[in-house]
$ cat run_18.cif   # mmCIF, C-alpha atoms
data_data
#
loop_
_atom_site.label_atom_id
_atom_site.label_comp_id
_atom_site.auth_asym_id
_atom_site.auth_seq_id
_atom_site.Cartn_x
_atom_site.Cartn_y
_atom_site.Cartn_z
CA MET Z 1204 105.59 114.69 71.29
CA GLU Z 1205 108.07 115.11 74.13
CA THR Z 1206 110.94 115.65 71.66
CA TYR Z 1207 108.85 118.29 69.87
CA LEU Z 1208 108.05 120.17 73.09
CA ILE Z 1209 111.65 120.25 74.29
CA ASN Z 1210 113.06 121.26 70.88
CA SER Z 1211 110.41 123.97 70.63
CA THR Z 1212 111.52 125.39 73.98
CA VAL Z 1213 115.11 125.67 72.75
CA ASP Z 1214 113.97 127.18 69.41
CA VAL Z 1215 111.91 129.83 71.21
CA VAL Z 1216 114.92 130.85 73.30
CA ARG Z 1217 117.05 131.13 70.14
CA THR Z 1218 114.35 133.02 68.23
CA LEU Z 1219 114.03 135.60 71.00
CA GLY Z 1220 117.74 136.21 70.76
CA LEU Z 1221 118.39 135.24 74.35
CA GLN Z 1222 121.90 133.98 73.65
CA ALA Z 1223 122.86 134.10 77.32
CA LEU Z 1224 120.11 131.61 78.08
CA THR Z 1225 120.62 129.30 75.10
CA GLU Z 1226 123.53 127.32 76.54
CA PRO Z 1227 121.99 126.87 80.07
CA VAL Z 1228 118.68 125.81 78.51
CA GLU Z 1229 120.41 123.31 76.22
CA ASP Z 1230 122.38 121.93 79.17
CA TYR Z 1231 119.17 121.57 81.16
CA VAL Z 1232 117.17 119.84 78.44
CA SER Z 1233 120.08 117.47 77.77
CA ILE Z 1234 119.17 115.56 80.95
CA PHE Z 1235 115.97 114.51 79.18
CA ARG Z 1236 117.89 113.07 76.23
CA VAL Z 1237 118.10 109.26 76.09
CA PRO Z 1238 121.80 108.28 75.67
CA GLY Z 1239 122.51 106.62 72.35
CA SER Z 1240 119.22 107.52 70.66
CA GLY Z 1241 119.03 111.28 71.02
CA GLU Z 1242 115.30 111.12 71.83
CA PHE Z 1243 113.85 113.29 74.57
CA ARG Z 1244 111.79 111.73 77.34
CA PHE Z 1245 110.56 113.63 80.40
CA LEU Z 1246 111.08 110.55 82.57
CA GLN Z 1247 114.69 110.01 81.50
CA PRO Z 1248 116.14 111.68 84.66
CA VAL Z 1249 114.23 109.16 86.77
CA TRP Z 1250 114.96 106.14 84.57
CA GLY Z 1251 118.61 107.15 84.35
CA LEU Z 1252 118.99 106.49 88.08
CA ARG Z 1253 118.95 102.76 87.31
CA GLU Z 1254 122.43 102.90 85.74
CA GLY Z 1255 124.85 100.80 87.75
CA TRP Z 1256 121.97 99.11 89.59
CA GLU Z 1257 120.49 97.12 86.71
CA LYS Z 1258 121.39 93.74 88.20
CA HIS Z 1259 119.55 94.52 91.43
CA LEU Z 1260 116.55 96.22 89.82
CA ALA Z 1261 116.03 93.36 87.37
CA HIS Z 1262 115.94 90.78 90.17
CA PRO Z 1263 112.41 89.37 90.80
CA LEU Z 1264 112.78 90.11 94.51
CA PHE Z 1265 113.20 93.87 93.97
CA PRO Z 1266 109.48 94.80 93.63
CA ILE Z 1267 108.64 92.84 96.79
CA LEU Z 1268 111.35 94.50 98.86
CA LEU Z 1269 110.43 97.91 97.46
CA SER Z 1270 106.76 97.44 98.30
CA ILE Z 1271 107.53 96.38 101.89
CA ILE Z 1272 109.85 99.36 102.44
CA ILE Z 1273 107.36 101.87 101.01
CA TYR Z 1274 104.52 100.26 102.96
CA LEU Z 1275 106.38 100.71 106.24
CA LEU Z 1276 107.34 104.29 105.37
CA CYS Z 1277 103.68 105.10 104.67
CA MET Z 1278 102.62 103.50 107.95
CA LEU Z 1279 105.09 105.04 110.38
CA PRO Z 1280 103.80 108.67 110.46
CA TRP Z 1281 100.22 107.54 111.06
CA MET Z 1282 101.38 105.00 113.63
CA VAL Z 1283 102.98 107.85 115.59
CA VAL Z 1284 99.77 109.89 115.31
CA ASP Z 1285 97.63 106.96 116.49
CA LEU Z 1286 99.86 106.13 119.44
CA PHE Z 1287 100.88 109.57 120.66
CA GLY Z 1288 98.50 112.05 119.03
CA ASN Z 1289 95.28 111.54 120.96
CA ASP Z 1290 95.78 114.97 122.56
CA TRP Z 1291 96.93 116.71 119.37
CA LYS Z 1292 93.87 118.80 118.61
CA TRP Z 1293 95.26 120.03 115.30
CA ILE Z 1294 95.04 116.49 113.87
CA GLN Z 1295 92.27 114.95 115.98
CA ARG Z 1296 89.72 117.41 114.62
CA TYR Z 1297 90.08 115.58 111.30
CA LYS Z 1298 89.46 112.10 112.73
CA ILE Z 1299 86.41 110.44 111.17
CA GLN Z 1300 85.40 108.51 114.31
CA PRO Z 1301 86.76 110.72 117.12
CA ASP Z 1302 84.99 108.67 119.80
CA LYS Z 1303 87.05 105.59 118.91
CA PRO Z 1304 90.76 106.21 119.60
CA VAL Z 1305 93.33 103.68 118.44
CA THR Z 1306 94.86 101.71 121.31
CA TRP Z 1307 98.16 99.85 121.49
CA PRO Z 1308 96.50 96.42 122.02
CA GLN Z 1309 94.45 96.97 118.84
CA MET Z 1310 97.52 98.01 116.88
CA ARG Z 1311 99.66 95.19 118.28
CA ARG Z 1312 97.10 92.59 117.21
CA ALA Z 1313 97.11 93.99 113.66
CA ILE Z 1314 100.92 94.15 113.56
CA VAL Z 1315 101.24 90.53 114.71
CA LEU Z 1316 98.88 89.20 112.03
CA THR Z 1317 100.50 91.32 109.33
CA ALA Z 1318 103.97 90.07 110.28
CA TRP Z 1319 102.73 86.49 110.51
CA ASN Z 1320 101.21 86.68 107.01
CA HIS Z 1321 104.44 88.03 105.55
CA VAL Z 1322 106.61 85.41 107.21
CA LEU Z 1323 104.34 82.46 106.55
CA TYR Z 1324 103.08 83.33 103.05
CA ILE Z 1325 104.84 86.30 101.42
CA LEU Z 1326 108.34 85.04 102.26
CA PRO Z 1327 107.83 81.57 100.68
CA ILE Z 1328 106.29 83.20 97.60
CA SER Z 1329 109.29 85.53 97.38
CA VAL Z 1330 111.73 82.62 97.64
CA ALA Z 1331 109.82 80.75 94.94
CA GLN Z 1332 109.99 83.82 92.71
CA CYS Z 1333 113.75 84.00 93.18
CA VAL Z 1334 114.10 80.33 92.18
CA TRP Z 1335 111.71 80.09 89.23
CA SER Z 1336 111.27 83.63 87.87
CA PRO Z 1337 113.94 85.02 85.52
CA ASP Z 1338 115.29 88.53 85.88
CA ILE Z 1339 113.13 91.07 84.07
CA GLU Z 1340 114.48 92.87 81.03
CA LEU Z 1341 115.05 96.57 81.64
CA PRO Z 1342 114.56 98.69 78.48
CA LYS Z 1343 117.12 101.34 77.68
CA MET Z 1344 114.42 103.96 77.17
CA PRO Z 1345 111.95 105.17 79.79
CA PRO Z 1346 108.23 105.21 78.99
CA GLY Z 1347 106.78 108.24 77.30
CA LEU Z 1348 104.97 110.62 79.64
CA TRP Z 1349 101.56 110.04 78.02
CA GLU Z 1350 102.10 106.27 77.98
CA PHE Z 1351 103.13 106.35 81.65
CA CYS Z 1352 100.06 108.35 82.69
CA TRP Z 1353 97.40 106.44 80.80
CA HIS Z 1354 98.87 103.07 81.82
CA GLN Z 1355 98.69 104.18 85.45
CA TYR Z 1356 95.07 105.26 85.16
CA ALA Z 1357 93.97 102.25 83.09
CA SER Z 1358 95.65 99.83 85.51
CA LEU Z 1359 93.91 101.58 88.40
CA VAL Z 1360 90.52 101.21 86.67
CA VAL Z 1361 91.14 97.50 86.00
CA MET Z 1362 92.29 96.74 89.54
CA ASP Z 1363 89.38 98.74 90.94
CA LEU Z 1364 86.92 96.53 89.03
CA GLU Z 1365 88.76 93.32 89.94
CA TYR Z 1366 88.74 94.06 93.64
CA PHE Z 1367 85.18 95.41 93.55
CA LEU Z 1368 83.95 92.06 92.19
CA TRP Z 1369 86.13 90.08 94.63
CA HIS Z 1370 85.06 92.26 97.54
CA ALA Z 1371 81.33 92.18 96.77
CA LEU Z 1372 81.47 88.41 96.27
CA HIS Z 1373 83.11 87.93 99.67
CA HIS Z 1374 80.33 89.94 101.29
CA LYS Z 1375 77.44 88.33 99.42
CA ILE Z 1376 78.51 84.70 99.92
CA ARG Z 1377 78.25 83.94 103.61
CA PHE Z 1378 80.89 81.20 103.61
CA LEU Z 1379 83.51 83.48 102.00
CA TYR Z 1380 82.72 86.34 104.34
CA ARG Z 1381 82.76 84.20 107.46
CA HIS Z 1382 85.98 82.33 106.70
CA VAL Z 1383 87.96 84.94 104.73
CA HIS Z 1384 86.90 88.59 104.67
CA SER Z 1385 85.41 88.86 108.16
CA ILE Z 1386 88.96 89.04 109.56
CA HIS Z 1387 89.41 92.48 108.02
CA HIS Z 1388 86.09 93.61 109.51
CA GLU Z 1389 87.06 92.82 113.08
CA TYR Z 1390 87.91 96.54 113.20
CA HIS Z 1391 84.86 98.80 112.85
CA SER Z 1392 87.08 101.88 113.13
CA PRO Z 1393 90.06 101.40 110.76
CA SER Z 1394 93.63 102.56 111.37
CA VAL Z 1395 96.78 102.19 109.28
CA TRP Z 1396 97.77 98.72 110.49
CA VAL Z 1397 94.33 97.44 109.51
CA THR Z 1398 95.39 97.94 105.88
CA GLN Z 1399 96.92 94.46 105.70
CA TYR Z 1400 95.02 92.91 108.59
CA LEU Z 1401 93.79 90.28 106.14
CA HIS Z 1402 93.19 86.61 105.62
CA PRO Z 1403 96.14 85.16 103.62
CA TRP Z 1404 93.89 84.48 100.63
CA GLU Z 1405 92.85 88.14 100.52
CA LEU Z 1406 96.45 89.32 100.86
CA VAL Z 1407 97.49 87.08 97.94
CA ALA Z 1408 94.50 88.21 95.85
CA VAL Z 1409 95.28 91.91 96.36
CA GLY Z 1410 98.94 91.29 95.50
CA LEU Z 1411 97.89 89.42 92.36
CA PHE Z 1412 95.60 92.24 91.21
CA THR Z 1413 98.30 94.83 91.86
CA THR Z 1414 100.95 92.88 89.95
CA THR Z 1415 98.94 91.77 86.94
CA SER Z 1416 96.81 94.86 86.17
CA PRO Z 1417 99.68 96.75 84.43
CA TRP Z 1418 100.60 93.58 82.51
CA LEU Z 1419 97.36 93.88 80.52
CA PHE Z 1420 98.76 97.00 78.85
CA GLY Z 1421 102.36 95.86 78.45
CA ALA Z 1422 103.43 98.54 80.91
CA HIS Z 1423 107.05 99.60 81.26
CA PRO Z 1424 108.84 98.35 84.44
CA LEU Z 1425 108.98 101.93 85.76
CA THR Z 1426 105.22 102.21 85.25
CA GLN Z 1427 104.65 98.90 87.07
CA TRP Z 1428 106.78 99.91 90.04
CA CYS Z 1429 105.11 103.33 90.34
CA PHE Z 1430 101.68 101.74 90.07
CA MET Z 1431 102.54 99.32 92.85
CA LEU Z 1432 103.78 102.14 95.10
CA GLY Z 1433 100.74 104.25 94.27
CA THR Z 1434 98.28 101.52 95.21
CA ILE Z 1435 100.14 100.95 98.49
CA TYR Z 1436 99.82 104.63 99.38
CA ILE Z 1437 96.13 104.70 98.37
CA SER Z 1438 95.37 101.58 100.43
CA VAL Z 1439 97.09 103.02 103.50
CA GLU Z 1440 95.34 106.37 103.08
CA ALA Z 1441 91.95 104.61 102.86
CA HIS Z 1442 92.53 103.11 106.33
CA VAL Z 1443 94.05 106.04 108.24
CA GLY Z 1444 90.70 107.09 109.67
CA TYR Z 1445 91.21 110.80 108.96
CA ASP Z 1446 89.54 113.24 106.57
CA LEU Z 1447 92.28 115.75 105.77
CA PRO Z 1448 91.60 118.64 103.35
CA PHE Z 1449 94.30 117.65 100.84
CA MET Z 1450 93.12 114.04 100.45
CA PRO Z 1451 91.92 113.18 96.92
CA HIS Z 1452 88.31 112.43 97.93
CA ASN Z 1453 87.93 116.16 98.70
CA TRP Z 1454 88.80 117.30 95.18
CA ALA Z 1455 88.91 114.33 92.74
CA PRO Z 1456 85.54 113.34 91.20
CA PHE Z 1457 84.37 109.74 91.72
CA TRP Z 1458 87.11 109.08 94.27
CA GLY Z 1459 86.22 107.09 97.38
CA GLY Z 1460 89.15 107.49 99.74
CA ALA Z 1461 89.21 107.34 103.52
CA ILE Z 1462 85.66 108.55 104.18
CA LYS Z 1463 84.06 105.91 101.95
CA HIS Z 1464 86.18 103.02 103.22
CA ASP Z 1465 85.71 104.10 106.82
CA MET Z 1466 81.97 103.97 106.18
CA HIS Z 1467 82.39 100.51 104.67
CA HIS Z 1468 83.78 99.32 108.01
CA GLN Z 1469 80.75 100.85 109.75
CA ARG Z 1470 78.24 99.58 107.18
CA PRO Z 1471 79.86 96.52 105.59
CA ARG Z 1472 77.36 96.07 102.75
CA THR Z 1473 78.30 99.39 101.16
CA ASN Z 1474 81.24 101.01 99.31
CA TYR Z 1475 82.91 97.90 97.90
CA GLN Z 1476 85.18 99.78 95.49
CA PRO Z 1477 88.77 100.36 96.69
CA PHE Z 1478 89.47 103.49 94.64
CA PHE Z 1479 86.58 104.97 92.66
CA THR Z 1480 82.84 105.13 93.33
CA TRP Z 1481 81.10 104.62 89.96
CA TRP Z 1482 80.36 100.88 90.30
CA ASP Z 1483 78.92 101.41 93.77
CA LEU Z 1484 76.82 104.30 92.43
CA MET Z 1485 75.51 102.28 89.50
CA LEU Z 1486 74.75 99.14 91.52
CA GLY Z 1487 73.21 100.88 94.55
CA THR Z 1488 75.91 100.01 97.10
CA GLU Z 1489 77.29 103.53 97.54
CA CYS Z 1490 76.94 105.17 100.94
CA PRO Z 1491 77.92 108.80 101.67
CA GLY Z 1492 80.88 109.13 103.98
CA GLN Z 1493 81.15 110.48 107.49
CA LEU Z 1494 83.41 113.52 107.57
CA ALA Z 1495 86.09 114.99 109.83
CA GLY Z 1496 85.14 115.28 113.48
CA GLY Z 1497 82.44 112.64 113.09
CA TYR Z 1498 80.21 115.07 111.18
CA LYS Z 1499 77.34 113.36 109.33
CA PRO Z 1500 76.33 115.31 106.21
CA LYS Z 1501 72.71 115.54 105.11
CA GLU Z 1502 73.32 112.95 102.39
CA LEU Z 1503 74.40 110.37 104.98
CA MET Z 1504 71.48 111.14 107.28
CA ASP Z 1505 69.04 110.83 104.36
CA TRP Z 1506 70.69 107.53 103.40
CA ASP Z 1507 70.33 106.21 106.95
CA ASN Z 1508 66.66 107.25 107.11
CA ARG Z 1509 65.95 105.66 103.74
CA LYS Z 1510 67.59 102.39 104.79
CA ARG Z 1511 65.66 102.37 108.08
CA ASP Z 1512 62.43 102.83 106.14
CA GLU Z 1513 63.36 99.98 103.81
CA VAL Z 1514 64.12 97.69 106.75
CA ARG Z 1515 60.83 98.64 108.41
CA MET Z 1516 58.90 97.98 105.19
CA ARG Z 1517 60.54 94.58 104.73
CA ARG Z 1518 59.82 93.69 108.36
CA ASP Z 1519 56.16 94.74 108.00
CA ALA Z 1520 55.80 92.80 104.74
CA LYS Z 1521 57.30 89.72 106.33
CA ARG Z 1522 54.98 90.03 109.31
CA ARG Z 1523 51.92 90.39 107.04
CA GLN Z 1524 53.01 87.38 105.01
CA LEU Z 1525 53.44 85.34 108.19
CA GLU Z 1526 49.98 86.37 109.45
CA LEU Z 1527 48.44 85.41 106.10
CA GLU Z 1528 50.16 82.02 106.14
CA GLN Z 1529 48.94 81.41 109.69
CA GLN Z 1530 45.41 82.38 108.67
CA LEU Z 1531 45.46 80.04 105.67
CA LEU Z 1532 46.87 77.25 107.82
CA GLN Z 1533 44.12 77.79 110.39
CA GLN Z 1534 41.49 77.65 107.64
CA ASP Z 1535 42.97 74.43 106.30
CA VAL Z 1536 43.10 72.80 109.75
CA THR Z 1537 39.51 73.85 110.51
CA GLY Z 1538 38.27 72.52 107.18
CA LYS Z 1539 39.92 69.15 107.66
CA PHE Z 1540 38.53 68.91 111.19
CA ASN Z 1541 35.00 69.65 109.95
CA GLU Z 1542 35.28 67.13 107.14
CA ALA Z 1543 36.53 64.48 109.54
CA ASN Z 1544 33.51 65.05 111.80
CA GLY Z 1545 30.95 65.25 108.99
CA ILE Z 1546 30.38 68.94 109.52
CA GLU Z 1547 29.74 71.10 106.49
CA ARG Z 1548 32.76 73.35 105.86
CA LYS Z 1549 31.94 76.98 106.28
CA THR Z 1550 33.61 79.66 104.28
CA LEU Z 1551 35.52 82.02 106.53
#

$ encode --input "run_18.cif" --output "structure tokens"
Amino acid sequence: METYLINSTVDVVRTLGLQALTEPVEDYVSIFRVPGSGEFRFLQPVWGLREGWEKHLAHPLFPILLSIIIYLLCMLPWMVVDLFGNDWKWIQRYKIQPDKPVTWPQMRRAIVLTAWNHVLYILPISVAQCVWSPDIELPKMPPGLWEFCWHQYASLVVMDLEYFLWHALHHKIRFLYRHVHSIHHEYHSPSVWVTQYLHPWELVAVGLFTTTSPWLFGAHPLTQWCFMLGTIYISVEAHVGYDLPFMPHNWAPFWGGAIKHDMHHQRPRTNYQPFFTWWDLMLGTECPGQLAGGYKPKELMDWDNRKRDEVRMRRDAKRRQLELEQQLLQQDVTGKFNEANGIERKTL
């Protein structure tokens, strides 16, 4: 398909008689040609950058180092905004919880735990990978554009389901929430460093889902690396605490994003999905998000009112049940007392 499209472009130029453009166009499209095979691949310019670096890129430690570097690069701009931008009105008007500014003590606590987890757990895992894992085999050809795109999306869908189930389970089972996931919920107003403010087991689980999801489709190494970087960016964005106009949740259907995950920190039994919203919608755990400037849309206010009514109804039902049980108990005690004293039991 890609070869057909590129060859068609050159043929059109020739057919139109644009001889002056033929040679520049052919030179340009040659960068998409895979050396040795003659095939055209749109991702060849990117995959070609590996030449001369194959030994380093094939090393099992490369994805870990790459993920840490990209993670820090994603964090730094938002860290600056959180620390120094409290008076920057142009950005603060997009903050989801404007009444809860990020403080240095909060950030420092998150940084310390994140660093501790990486030193105590990620580093030993990385060393073990270097010892026991062989270098990966780097194909000569890049993935096709269609293959690259659908593997990215399919891996995202799989990881979304995996983490949704893990996440919901760690909220439903009290022991798991109390001893594992509650650490992440120490922050009711998330910020970037809360992204990996996690129990070690959760950090390992997320890393496992990220690594193995593309394996299910036999994804190309370039696809795996890009998927890993994409999920890092998405995870950071979900915790920034801002609702900016260009963020995907404002234009992509069924996308959760920062507003849904921010609401999850405010109402922990909602919005379990990390990326999409369809499982939450189908299973009744979806909650509308709070928007920029702390604005609560009508959908969120209706949701809050409905939940308050449900709580009130459950409380009233429980109270009525308790009153009935007390009444039945009183009847039973009175009856036994009358029988013990030879008094005919009266029907109440």

$ atom_distance --input "run_18.cif" --atom1 "CA of Tyr1400 (chain Z)" --atom2 "CA of Gln1476 (chain Z)"
17.8 Å

$ atom_distance --input "run_18.cif" --atom1 "CA of Trp1256 (chain Z)" --atom2 "CA of Pro1424 (chain Z)"
14.1 Å

$ closest_residue --input "run_18.cif" --among "Z:Trp1281, Z:Tyr1274, Z:Trp1404, Z:Tyr1366" --to "Asn1320 (chain Z)" --atoms "only C-alpha atoms"
Z:Trp1404

$ closest_residue --input "run_18.cif" --among "Z:Leu1264, Z:Ala1422, Z:Leu1323, Z:Met1450" --to "Pro1346 (chain Z)" --atoms "all atoms listed in the file"
Z:Ala1422

$ closest_residue --input "run_18.cif" --among "Z:Trp1418, Z:Gln1300, Z:Val1443, Z:Arg1515" --to "Met1278 (chain Z)" --atoms "only C-alpha atoms"
Z:Val1443

$ decode --input "run_18.cif" --residues "region 1493-1518 of chain Z" --atoms "N, CA and C atoms" --output "PDB file, in the first residue's frame"
ATOM      1  N   GLN Z1493     -15.020  17.431  36.358  1.00  0.00           N
ATOM      2  CA  GLN Z1493     -15.008  18.864  36.669  1.00  0.00           C
ATOM      3  C   GLN Z1493     -14.092  19.545  35.674  1.00  0.00           C
ATOM      4  N   LEU Z1494     -14.473  20.729  35.208  1.00  0.00           N
ATOM      5  CA  LEU Z1494     -13.766  21.370  34.109  1.00  0.00           C
ATOM      6  C   LEU Z1494     -12.840  22.486  34.596  1.00  0.00           C
ATOM      7  N   ALA Z1495     -12.210  23.149  33.637  1.00  0.00           N
ATOM      8  CA  ALA Z1495     -11.267  24.232  33.940  1.00  0.00           C
ATOM      9  C   ALA Z1495     -11.901  25.280  34.838  1.00  0.00           C
ATOM     10  N   GLY Z1496     -11.095  25.793  35.778  1.00  0.00           N
ATOM     11  CA  GLY Z1496     -11.573  26.805  36.697  1.00  0.00           C
ATOM     12  C   GLY Z1496     -12.485  26.274  37.780  1.00  0.00           C
ATOM     13  N   GLY Z1497     -12.543  24.938  37.921  1.00  0.00           N
ATOM     14  CA  GLY Z1497     -13.405  24.339  38.932  1.00  0.00           C
ATOM     15  C   GLY Z1497     -14.863  24.304  38.538  1.00  0.00           C
ATOM     16  N   TYR Z1498     -15.173  24.587  37.270  1.00  0.00           N
ATOM     17  CA  TYR Z1498     -16.561  24.625  36.823  1.00  0.00           C
ATOM     18  C   TYR Z1498     -17.174  23.224  36.834  1.00  0.00           C
ATOM     19  N   LYS Z1499     -18.365  23.115  37.442  1.00  0.00           N
ATOM     20  CA  LYS Z1499     -19.088  21.849  37.490  1.00  0.00           C
ATOM     21  C   LYS Z1499     -20.215  21.883  36.465  1.00  0.00           C
ATOM     22  N   PRO Z1500     -20.114  21.085  35.406  1.00  0.00           N
ATOM     23  CA  PRO Z1500     -21.186  21.088  34.395  1.00  0.00           C
ATOM     24  C   PRO Z1500     -22.465  20.473  34.952  1.00  0.00           C
ATOM     25  N   LYS Z1501     -23.557  20.671  34.226  1.00  0.00           N
ATOM     26  CA  LYS Z1501     -24.854  20.166  34.671  1.00  0.00           C
ATOM     27  C   LYS Z1501     -24.821  18.650  34.858  1.00  0.00           C
ATOM     28  N   GLU Z1502     -24.095  17.958  33.991  1.00  0.00           N
ATOM     29  CA  GLU Z1502     -24.027  16.496  34.099  1.00  0.00           C
ATOM     30  C   GLU Z1502     -23.431  16.066  35.437  1.00  0.00           C
ATOM     31  N   LEU Z1503     -22.404  16.785  35.895  1.00  0.00           N
ATOM     32  CA  LEU Z1503     -21.779  16.443  37.176  1.00  0.00           C
ATOM     33  C   LEU Z1503     -22.710  16.769  38.340  1.00  0.00           C
ATOM     34  N   MET Z1504     -23.398  17.901  38.262  1.00  0.00           N
ATOM     35  CA  MET Z1504     -24.320  18.273  39.333  1.00  0.00           C
ATOM     36  C   MET Z1504     -25.481  17.281  39.410  1.00  0.00           C
ATOM     37  N   ASP Z1505     -25.980  16.853  38.243  1.00  0.00           N
ATOM     38  CA  ASP Z1505     -27.050  15.847  38.233  1.00  0.00           C
ATOM     39  C   ASP Z1505     -26.548  14.533  38.815  1.00  0.00           C
ATOM     40  N   TRP Z1506     -25.310  14.176  38.488  1.00  0.00           N
ATOM     41  CA  TRP Z1506     -24.723  12.937  39.017  1.00  0.00           C
ATOM     42  C   TRP Z1506     -24.604  13.015  40.533  1.00  0.00           C
ATOM     43  N   ASP Z1507     -24.130  14.145  41.045  1.00  0.00           N
ATOM     44  CA  ASP Z1507     -24.010  14.324  42.495  1.00  0.00           C
ATOM     45  C   ASP Z1507     -25.375  14.232  43.178  1.00  0.00           C
ATOM     46  N   ASN Z1508     -26.387  14.879  42.602  1.00  0.00           N
ATOM     47  CA  ASN Z1508     -27.728  14.835  43.188  1.00  0.00           C
ATOM     48  C   ASN Z1508     -28.285  13.417  43.181  1.00  0.00           C
ATOM     49  N   ARG Z1509     -28.053  12.710  42.079  1.00  0.00           N
ATOM     50  CA  ARG Z1509     -28.552  11.334  41.986  1.00  0.00           C
ATOM     51  C   ARG Z1509     -27.881  10.437  43.020  1.00  0.00           C
ATOM     52  N   LYS Z1510     -26.580  10.609  43.203  1.00  0.00           N
ATOM     53  CA  LYS Z1510     -25.864   9.799  44.189  1.00  0.00           C
ATOM     54  C   LYS Z1510     -26.306  10.133  45.611  1.00  0.00           C
ATOM     55  N   ARG Z1511     -26.566  11.421  45.878  1.00  0.00           N
ATOM     56  CA  ARG Z1511     -27.058  11.809  47.203  1.00  0.00           C
ATOM     57  C   ARG Z1511     -28.419  11.178  47.481  1.00  0.00           C
ATOM     58  N   ASP Z1512     -29.274  11.160  46.447  1.00  0.00           N
ATOM     59  CA  ASP Z1512     -30.586  10.528  46.606  1.00  0.00           C
ATOM     60  C   ASP Z1512     -30.444   9.028  46.870  1.00  0.00           C
ATOM     61  N   GLU Z1513     -29.519   8.395  46.162  1.00  0.00           N
ATOM     62  CA  GLU Z1513     -29.306   6.961  46.368  1.00  0.00           C
ATOM     63  C   GLU Z1513     -28.810   6.676  47.776  1.00  0.00           C
ATOM     64  N   VAL Z1514     -27.894   7.505  48.267  1.00  0.00           N
ATOM     65  CA  VAL Z1514     -27.379   7.325  49.632  1.00  0.00           C
ATOM     66  C   VAL Z1514     -28.494   7.526  50.644  1.00  0.00           C
ATOM     67  N   ARG Z1515     -29.332   8.548  50.420  1.00  0.00           N
ATOM     68  CA  ARG Z1515     -30.435   8.824  51.332  1.00  0.00           C
ATOM     69  C   ARG Z1515     -31.434   7.661  51.339  1.00  0.00           C
ATOM     70  N   MET Z1516     -31.716   7.113  50.161  1.00  0.00           N
ATOM     71  CA  MET Z1516     -32.651   5.987  50.074  1.00  0.00           C
ATOM     72  C   MET Z1516     -32.094   4.757  50.776  1.00  0.00           C
ATOM     73  N   ARG Z1517     -30.803   4.494  50.596  1.00  0.00           N
ATOM     74  CA  ARG Z1517     -30.198   3.344  51.280  1.00  0.00           C
ATOM     75  C   ARG Z1517     -30.215   3.540  52.793  1.00  0.00           C
ATOM     76  N   ARG Z1518     -29.952   4.772  53.240  1.00  0.00           N
ATOM     77  CA  ARG Z1518     -29.950   5.053  54.666  1.00  0.00           C
ATOM     78  C   ARG Z1518     -31.355   4.881  55.247  1.00  0.00           C
TER      79      ARG Z1518
END
